[in-house]
Amino acid sequence: MTSSHYNLLSLFTGAGGFDLGLERAGFQTILASELEPHACTTLRYNRILCNGSSQEIESVMAQAKSQRCLSRLSDNEIDEFFRRITETKSRPKLLQNCEIVEGDIRKLSSAQVKTKLQKPLFCIAGGPPCQPFSKAGKQESLDCKKNGTLFFEFVRLVRDLSPEWFIFENVKGLTFTKTDVLYTICSDCSAKELANFKARQDYNKTASPNCQRCKSSNTKWLLSREAGGSLKIILNEFRKSGYHCHSKTLNSADFGVPQYRERLFIVGSRDNHPFAWPSPTHRRPQAASSQQLLFEEQHASLPDHVTMREALWPHKHPHYGPIKDQSRLWVKNVVRPHDEPVTWTLNRPSPTIGAHQSAKLAFAPHGIPEAQKKRQQWATRGQKQGDTPPVAVEHQYLTDEELLVLQSFPRWWYLHGTRMQRAFQIGNAVPPLLAQKIGESVLNASRKFNASNPSNFASFCT
C-alpha cells in the first residue's frame, strides 16, 4: 500500500510539525486547516521549497525578503537566514499534495473535505489549542469559552468523515486538571451515565434524558468536579463516535528529541486495531525515581537522552566559541515561582519549548549571576522583579534554527512572521520526530490488521 492510501486530514496544523513527522512515517497530507495567516504562509512556502521549480523557489525567496522583521537584521544575519533555508538541495517531498485551508475550523465542513478524497480517509490528526487545559493557564479546561469547545470540532470531523484512525494531541494537564463532569443518574436502576458534551454546556436549561439502560424517565443530573475530567469527557465523545481509544502521556526526550516535553496523545481506531505505543529509543542518564529506575532497567541498552550541547553546539558556539561548564540556557526576564528554574545546564535536553517562553530563551556563555536568578524567582524571598535593579548578563537569544533543532524540525524549515510569531509557531508544534514514531506505530497496527483481514485490505485499496 503506497503513502497515497494513508491520506491525512491535518487540523490546527500550525507550522506543520505533526504533518512533517507523519509524512516521514508514510502518511500524505491532503488538506491542512489552520487559522493563523502567518502559519499558513509558513506551510505554503515550505510546500514550494520542498516541491517547487527553481523559478517558484526564487519567487518565494523574493517574497520572504519583503518581511518587515528582516529589515531589522544586519546583512550578515539576512545572508545567514537565506543560507539556512536554501542550503539543502535534496529536500524530501513534503506537503506535496496538501491543500492549505486558512480560516476558522468551525467553518470547515465535512463536505468540503470529502471533495478532496479520492480514497477513504485514513487518518485525522491535530491538537486543538491547549491554553484552556494548560497547568500554566487559568485551568478552566473545557469551561473556557474561547477555545474550550474547539476539541469538539475535531470530534465532529472524526464523526462525519469516519477515518480509519485519528491522532489527538494535547497537554498532559488533561489527565489531572479538575473539570466539571456531568452524569445522568437513574433513580430506578441506579445507572450512572456520562452525559454528552453538548448536554453539559447548558444542562441547567434542559431535562435529564431517559435512562439508556432501563429507559426510565425518572432521572436527574449530577455534576461532579473531577481530576482528569476533561480527558474523560473527550474520550467519551470519541467512543460514542465508534472509536476504540488509547491514551498515553509521552516524553519527547525518550524518542530522541533534545527536549523534555510531555504531551498527551489519544489514538483512536475505528476497527479496533491492536495498537501498541512506540517503544522509547532513548533514556534518562540517571534515575530520578523508583519508576524511572525501573525504566532504566528495562531499557539499559538505549542511548542517553540527546542533550542541548550535542544537538546545538557539539564542538563550539558559533559566536562565543568553546562551551564552558558554567554556560547555561536562560529564560530571560521571565518571572517564575521559587520551585521552577530559570536556567538549565546544557548537558541535558532543553526544558519544554513553550509558545510564550521560546522567544525568551537565550544562551548565556558565562552563566547567570545569583542576583539575577533572585530577581526572576520572586517567591524565594517574597520580592518582585521590579524591587531590585537589573543585572548585566552576557547572552544571545536562541535563533530560529536553534529552536527548530530543539523541536526536531529540519534546520532548513522556513518560518514566516515576526520573531514572536515564529517563536509561537515553534513552541506550539508537535516535535516531528515524536509524531513520526507515533505514525509508524499506527501504520504498523493498520498493516497487521489488514494482513490478517485480506477483504478489508482489498476494499480499502479500491
# chains A, B, ... in the order shown; residues from 1 in each chain; ligands from 1

$ select_by_dssp --residues "stretch 202-397 of chain A" --states "helix (DSSP H, G or I)" --output "PDB file with C-alpha atoms, in the first residue's frame"
ATOM      1  CA  TYR A 203     -27.757  21.269  31.238  1.00  0.00           C
ATOM      2  CA  ASN A 204     -29.481  23.725  33.620  1.00  0.00           C
ATOM      3  CA  LYS A 205     -31.913  24.574  30.831  1.00  0.00           C
ATOM      4  CA  GLY A 229     -12.434  15.157  33.935  1.00  0.00           C
ATOM      5  CA  SER A 230     -11.520  16.809  30.625  1.00  0.00           C
ATOM      6  CA  LEU A 231      -9.861  13.629  29.389  1.00  0.00           C
ATOM      7  CA  LYS A 232     -12.865  11.579  30.496  1.00  0.00           C
ATOM      8  CA  ILE A 233     -15.232  13.867  28.554  1.00  0.00           C
ATOM      9  CA  ILE A 234     -13.108  13.831  25.402  1.00  0.00           C
ATOM     10  CA  LEU A 235     -12.675  10.051  25.441  1.00  0.00           C
ATOM     11  CA  ASN A 236     -16.422   9.664  25.913  1.00  0.00           C
ATOM     12  CA  GLU A 237     -17.121  11.727  22.788  1.00  0.00           C
ATOM     13  CA  PHE A 238     -14.700   9.705  20.674  1.00  0.00           C
ATOM     14  CA  ARG A 239     -16.047   6.391  21.967  1.00  0.00           C
ATOM     15  CA  LYS A 240     -19.620   7.445  21.263  1.00  0.00           C
ATOM     16  CA  SER A 252       9.731  13.683  23.516  1.00  0.00           C
ATOM     17  CA  ALA A 253      13.170  13.159  25.031  1.00  0.00           C
ATOM     18  CA  ASP A 254      12.509   9.403  25.209  1.00  0.00           C
ATOM     19  CA  PHE A 255      12.337   9.373  21.397  1.00  0.00           C
ATOM     20  CA  SER A 290      11.809   4.350  41.502  1.00  0.00           C
ATOM     21  CA  GLN A 291       9.621   4.446  38.408  1.00  0.00           C
ATOM     22  CA  GLN A 292      12.492   5.910  36.384  1.00  0.00           C
ATOM     23  CA  LEU A 293      14.839   3.248  37.803  1.00  0.00           C
ATOM     24  CA  LEU A 294      12.519   0.540  36.508  1.00  0.00           C
ATOM     25  CA  PHE A 295      12.534   2.258  33.120  1.00  0.00           C
ATOM     26  CA  GLU A 296      16.355   2.284  33.213  1.00  0.00           C
ATOM     27  CA  GLU A 297      16.496  -1.453  33.905  1.00  0.00           C
ATOM     28  CA  GLN A 298      14.080  -2.225  31.073  1.00  0.00           C
ATOM     29  CA  MET A 308      21.320  20.589  24.149  1.00  0.00           C
ATOM     30  CA  ARG A 309      25.085  20.649  23.760  1.00  0.00           C
ATOM     31  CA  GLU A 310      25.049  17.586  21.499  1.00  0.00           C
ATOM     32  CA  ALA A 311      22.192  18.895  19.372  1.00  0.00           C
ATOM     33  CA  LEU A 312      23.172  22.551  19.084  1.00  0.00           C
ATOM     34  CA  SER A 358      10.594  30.237  23.340  1.00  0.00           C
ATOM     35  CA  ALA A 359      11.323  33.808  22.228  1.00  0.00           C
ATOM     36  CA  LYS A 360      12.915  34.468  25.648  1.00  0.00           C
ATOM     37  CA  GLU A 370      22.703  34.728  41.562  1.00  0.00           C
ATOM     38  CA  ALA A 371      21.320  38.262  41.857  1.00  0.00           C
ATOM     39  CA  GLN A 372      19.560  37.856  38.511  1.00  0.00           C
ATOM     40  CA  LYS A 373      18.134  34.463  39.467  1.00  0.00           C
ATOM     41  CA  LYS A 374      16.775  36.066  42.633  1.00  0.00           C
ATOM     42  CA  ARG A 375      15.055  38.791  40.576  1.00  0.00           C
ATOM     43  CA  GLN A 376      13.265  36.179  38.462  1.00  0.00           C
ATOM     44  CA  TRP A 378      10.329  36.196  43.194  1.00  0.00           C
ATOM     45  CA  ALA A 379       8.719  33.661  45.533  1.00  0.00           C
ATOM     46  CA  THR A 380      12.095  32.748  47.029  1.00  0.00           C
ATOM     47  CA  GLN A 385      11.455  41.561  39.905  1.00  0.00           C
ATOM     48  CA  GLY A 386      10.976  45.335  39.888  1.00  0.00           C
ATOM     49  CA  ASP A 387      12.154  45.638  43.509  1.00  0.00           C
TER      50      ASP A 387
END

$ closest_atom_pairs --of "stretch 361-456 of chain A" --to "stretch 60-76 of chain A" --cutoff "8 Å" --atoms "only C-alpha atoms" --output "tab-separated table"
residue	atom	partner	partner_atom	distance
A:His416	CA	A:Ala64	CA	7.8
A:Gly417	CA	A:Gln67	CA	7.2
A:Thr418	CA	A:Cys69	CA	5.5
A:Arg419	CA	A:Cys69	CA	7.1

$ write_last_selection --atoms "N, CA and C atoms" --output "PDB file, in the first residue's frame"
ATOM      1  N   HIS A 416       7.504  31.915   8.818  1.00  0.00           N
ATOM      2  CA  HIS A 416       7.070  33.229   8.368  1.00  0.00           C
ATOM      3  C   HIS A 416       6.522  34.038   9.543  1.00  0.00           C
ATOM      4  N   GLY A 417       6.768  35.333   9.503  1.00  0.00           N
ATOM      5  CA  GLY A 417       6.191  36.217  10.508  1.00  0.00           C
ATOM      6  C   GLY A 417       7.237  36.945  11.319  1.00  0.00           C
ATOM      7  N   THR A 418       6.774  37.693  12.307  1.00  0.00           N
ATOM      8  CA  THR A 418       7.662  38.396  13.213  1.00  0.00           C
ATOM      9  C   THR A 418       8.405  37.392  14.087  1.00  0.00           C
ATOM     10  N   ARG A 419       9.375  37.878  14.836  1.00  0.00           N
ATOM     11  CA  ARG A 419      10.131  36.981  15.703  1.00  0.00           C
ATOM     12  C   ARG A 419       9.209  36.272  16.698  1.00  0.00           C
TER      13      ARG A 419
END

$ residues_around --residues "stretch 77-86 of chain A" --least-positions-apart "5" --cutoff "7 Å" --atoms "only C-alpha atoms" --output "list in words"
Leu70, Arg411, Trp412, Trp413 and Tyr414 of chain A

$ select_by_dssp --residues "stretch 165-196 of chain A" --states "strand (DSSP E or B)" --output "list of chain:residue names"
A:Trp165, A:Phe166, A:Ile167, A:Phe168, A:Glu169, A:Asn170, A:Val171, A:Lys178, A:Thr179, A:Asp180, A:Val181, A:Leu182, A:Tyr183, A:Thr184, A:Ile185, A:Cys186, A:Lys192, A:Glu193, A:Leu194

$ residues_around --residues "A:Thr307" --least-positions-apart "2" --cutoff "8 Å" --atoms "only C-alpha atoms" --output "list in words"
Pro258, Gln259, His305, Arg309, Glu310, Ala311, Leu346, Asn347, Arg348, Pro349 and Ser350 of chain A

$ write_last_selection --atoms "all heavy atoms" --output "tab-separated table (two decimals), in the first residue's frame"
chain	number	residue	atom	x	y	z
A	258	PRO	N	15.82	16.50	21.53
A	258	PRO	CA	16.63	17.09	22.60
A	258	PRO	C	15.85	18.07	23.47
A	258	PRO	O	16.23	19.21	23.66
A	258	PRO	CB	17.75	17.80	21.82
A	258	PRO	CG	17.13	18.15	20.51
A	258	PRO	CD	16.15	17.04	20.21
A	259	GLN	N	14.73	17.60	23.99
A	259	GLN	CA	13.82	18.46	24.76
A	259	GLN	C	12.92	17.61	25.64
A	259	GLN	O	12.32	16.63	25.17
A	259	GLN	CB	12.95	19.28	23.79
A	259	GLN	CG	11.91	20.14	24.47
A	259	GLN	CD	10.95	20.79	23.46
A	259	GLN	OE1	9.94	21.35	23.85
A	259	GLN	NE2	11.24	20.72	22.18
A	305	HIS	N	19.44	10.31	26.66
A	305	HIS	CA	18.75	11.43	26.04
A	305	HIS	C	19.74	12.35	25.33
A	305	HIS	O	20.86	12.56	25.80
A	305	HIS	CB	17.99	12.24	27.10
A	305	HIS	CG	16.77	11.56	27.61
A	305	HIS	ND1	16.14	11.94	28.78
A	305	HIS	CD2	16.04	10.52	27.13
A	305	HIS	CE1	15.08	11.17	28.99
A	305	HIS	NE2	15.00	10.30	28.00
A	309	ARG	N	23.73	20.47	24.29
A	309	ARG	CA	25.08	20.65	23.76
A	309	ARG	C	25.30	19.76	22.55
A	309	ARG	O	25.87	20.20	21.52
A	309	ARG	CB	26.12	20.34	24.84
A	309	ARG	CG	27.55	20.47	24.33
A	309	ARG	CD	28.57	20.14	25.41
A	309	ARG	NE	28.62	21.16	26.44
A	309	ARG	CZ	29.60	21.26	27.33
A	309	ARG	NH1	30.62	20.41	27.30
A	309	ARG	NH2	29.58	22.21	28.25
A	310	GLU	N	24.88	18.51	22.62
A	310	GLU	CA	25.05	17.59	21.50
A	310	GLU	C	24.27	18.04	20.27
A	310	GLU	O	24.75	17.94	19.13
A	310	GLU	CB	24.60	16.18	21.90
A	310	GLU	CG	25.48	15.51	22.93
A	310	GLU	CD	24.86	14.24	23.47
A	310	GLU	OE1	23.61	14.15	23.53
A	310	GLU	OE2	25.63	13.34	23.86
A	311	ALA	N	23.05	18.53	20.49
A	311	ALA	CA	22.19	18.90	19.37
A	311	ALA	C	22.57	20.22	18.74
A	311	ALA	O	22.49	20.39	17.52
A	311	ALA	CB	20.73	18.94	19.84
A	346	LEU	N	23.61	22.71	30.01
A	346	LEU	CA	23.50	22.29	28.62
A	346	LEU	C	23.71	20.79	28.45
A	346	LEU	O	23.53	20.27	27.36
A	346	LEU	CB	24.49	23.06	27.76
A	346	LEU	CG	24.36	24.58	27.80
A	346	LEU	CD1	25.44	25.23	26.98
A	346	LEU	CD2	22.98	25.01	27.30
A	347	ASN	N	24.07	20.11	29.53
A	347	ASN	CA	24.32	18.66	29.48
A	347	ASN	C	23.05	17.87	29.75
A	347	ASN	O	23.07	16.85	30.45
A	347	ASN	CB	25.43	18.28	30.46
A	347	ASN	CG	26.75	18.90	30.08
A	347	ASN	OD1	27.10	18.95	28.90
A	347	ASN	ND2	27.48	19.40	31.06
A	348	ARG	N	21.97	18.33	29.21
A	348	ARG	CA	20.65	17.69	29.34
A	348	ARG	C	19.77	18.20	28.19
A	348	ARG	O	20.10	19.21	27.55
A	348	ARG	CB	20.01	18.03	30.68
A	348	ARG	CG	20.02	19.51	31.03
A	348	ARG	CD	18.89	19.92	31.94
A	348	ARG	NE	17.62	20.07	31.20
A	348	ARG	CZ	16.45	20.25	31.79
A	348	ARG	NH1	16.35	20.27	33.10
A	348	ARG	NH2	15.36	20.41	31.06
A	349	PRO	N	18.65	17.54	27.93
A	349	PRO	CA	17.72	18.11	26.96
A	349	PRO	C	17.19	19.45	27.45
A	349	PRO	O	17.21	19.75	28.65
A	349	PRO	CB	16.60	17.05	26.89
A	349	PRO	CG	17.22	15.78	27.35
A	349	PRO	CD	18.23	16.20	28.39
A	350	SER	N	16.69	20.25	26.54
A	350	SER	CA	16.16	21.55	26.92
A	350	SER	C	14.86	21.37	27.69
A	350	SER	O	14.23	20.31	27.62
A	350	SER	CB	15.89	22.39	25.67
A	350	SER	OG	14.66	22.01	25.06

$ residues_around --residues "A:Arg47" --least-positions-apart "2" --cutoff "12 Å" --atoms "only C-alpha atoms" --output "VMD selection string"
chain A and resid 15 to 16 19 to 20 29 32 40 to 45 49 to 53 56 to 57 60 91 to 100 413 to 415

$ residues_around --residues "A:Ser216" --least-positions-apart "6" --cutoff "12 Å" --atoms "only C-alpha atoms" --output "PyMOL selection string"
chain A and resi 184-191+208-210

$ atom_distance --atom1 "atom CA of A:Glu226" --atom2 "atom CA of A:Thr149"
18.5 Å

$ closest_residue --among "A:Ile323, A:Tyr183, A:His282, A:Asn170" --to "A:Phe197" --atoms "only C-alpha atoms"
A:Tyr183

$ residues_around --residues "A:Leu398" --least-positions-apart "4" --cutoff "6 Å" --atoms "only C-alpha atoms" --output "compact mmCIF listing (two decimals) with all heavy atoms, in the first residue's frame"
# COMPACT_ATOMS: atom_id res chain seq x y z
N LEU A 361 14.24 32.45 25.33
CA LEU A 361 15.33 31.54 25.64
C LEU A 361 16.64 32.06 25.06
O LEU A 361 16.70 32.46 23.89
CB LEU A 361 15.04 30.15 25.09
CG LEU A 361 13.94 29.36 25.81
CD1 LEU A 361 13.64 28.07 25.08
CD2 LEU A 361 14.32 29.08 27.26
N ALA A 362 17.68 32.06 25.88
CA ALA A 362 18.96 32.62 25.47
C ALA A 362 20.11 31.74 25.94
O ALA A 362 19.99 31.01 26.93
CB ALA A 362 19.11 34.03 26.04
N GLU A 402 18.16 27.23 15.96
CA GLU A 402 18.41 26.50 17.21
C GLU A 402 17.11 26.03 17.84
O GLU A 402 17.03 24.90 18.36
CB GLU A 402 19.21 27.40 18.16
CG GLU A 402 20.64 27.60 17.69
CD GLU A 402 21.35 28.76 18.36
OE1 GLU A 402 20.65 29.64 18.93
OE2 GLU A 402 22.59 28.81 18.32

$ closest_residue --among "A:Tyr320, A:Trp313, A:Phe363, A:Phe275" --to "A:Phe449" --atoms "only C-alpha atoms"
A:Phe275

$ atom_distance --atom1 "atom CA of A:Ser217" --atom2 "atom CA of A:Asp180"
23.5 Å

$ decode --residues "stretch 162-185 of chain A" --atoms "N, CA and C atoms" --output "short mmCIF file (atom, residue, chain, number, x, y, z; two decimals), in the first residue's frame"
data_model
loop_
_atom_site.label_atom_id
_atom_site.label_comp_id
_atom_site.auth_asym_id
_atom_site.auth_seq_id
_atom_site.Cartn_x
_atom_site.Cartn_y
_atom_site.Cartn_z
N SER A 162 -15.43 9.64 9.41
CA SER A 162 -15.18 8.24 9.76
C SER A 162 -13.84 7.72 9.24
N PRO A 163 -12.73 8.37 9.60
CA PRO A 163 -11.43 7.85 9.18
C PRO A 163 -11.11 6.53 9.88
N GLU A 164 -10.16 5.80 9.33
CA GLU A 164 -9.77 4.55 9.97
C GLU A 164 -9.10 4.82 11.32
N TRP A 165 -8.38 5.96 11.40
CA TRP A 165 -7.67 6.33 12.61
C TRP A 165 -7.82 7.82 12.90
N PHE A 166 -7.61 8.21 14.13
CA PHE A 166 -7.35 9.61 14.45
C PHE A 166 -6.23 9.66 15.49
N ILE A 167 -5.50 10.78 15.49
CA ILE A 167 -4.44 11.01 16.48
C ILE A 167 -4.67 12.41 17.05
N PHE A 168 -4.95 12.48 18.33
CA PHE A 168 -5.29 13.73 19.02
C PHE A 168 -4.17 14.04 20.01
N GLU A 169 -3.66 15.27 19.97
CA GLU A 169 -2.56 15.66 20.85
C GLU A 169 -2.96 16.84 21.71
N ASN A 170 -2.49 16.84 22.96
CA ASN A 170 -2.75 17.97 23.83
C ASN A 170 -1.81 17.91 25.04
N VAL A 171 -1.95 18.87 25.94
CA VAL A 171 -1.09 18.92 27.12
C VAL A 171 -1.49 17.82 28.11
N LYS A 172 -0.51 17.41 28.92
CA LYS A 172 -0.79 16.33 29.87
C LYS A 172 -1.71 16.81 30.99
N GLY A 173 -1.94 18.13 31.09
CA GLY A 173 -2.86 18.65 32.10
C GLY A 173 -4.26 18.08 31.98
N LEU A 174 -4.61 17.58 30.81
CA LEU A 174 -5.92 16.93 30.65
C LEU A 174 -6.10 15.76 31.61
N THR A 175 -4.98 15.15 31.99
CA THR A 175 -5.07 13.96 32.83
C THR A 175 -5.28 14.27 34.30
N PHE A 176 -5.03 15.54 34.73
CA PHE A 176 -5.17 15.83 36.16
C PHE A 176 -5.93 17.11 36.47
N THR A 177 -6.16 17.99 35.48
CA THR A 177 -6.89 19.22 35.75
C THR A 177 -8.32 18.91 36.17
N LYS A 178 -8.80 19.60 37.18
CA LYS A 178 -10.16 19.39 37.65
C LYS A 178 -11.17 20.05 36.72
N THR A 179 -12.21 19.31 36.38
CA THR A 179 -13.23 19.76 35.45
C THR A 179 -14.59 19.23 35.89
N ASP A 180 -15.63 20.00 35.63
CA ASP A 180 -16.99 19.53 35.93
C ASP A 180 -17.39 18.45 34.93
N VAL A 181 -17.75 17.29 35.44
CA VAL A 181 -18.22 16.18 34.61
C VAL A 181 -19.69 15.95 34.92
N LEU A 182 -20.52 15.91 33.89
CA LEU A 182 -21.96 15.78 34.05
C LEU A 182 -22.41 14.34 33.82
N TYR A 183 -23.21 13.84 34.75
CA TYR A 183 -23.76 12.49 34.65
C TYR A 183 -25.29 12.53 34.69
N THR A 184 -25.89 11.48 34.13
CA THR A 184 -27.31 11.22 34.32
C THR A 184 -27.46 10.07 35.30
N ILE A 185 -28.22 10.30 36.38
CA ILE A 185 -28.42 9.28 37.41
C ILE A 185 -29.86 8.78 37.33
#
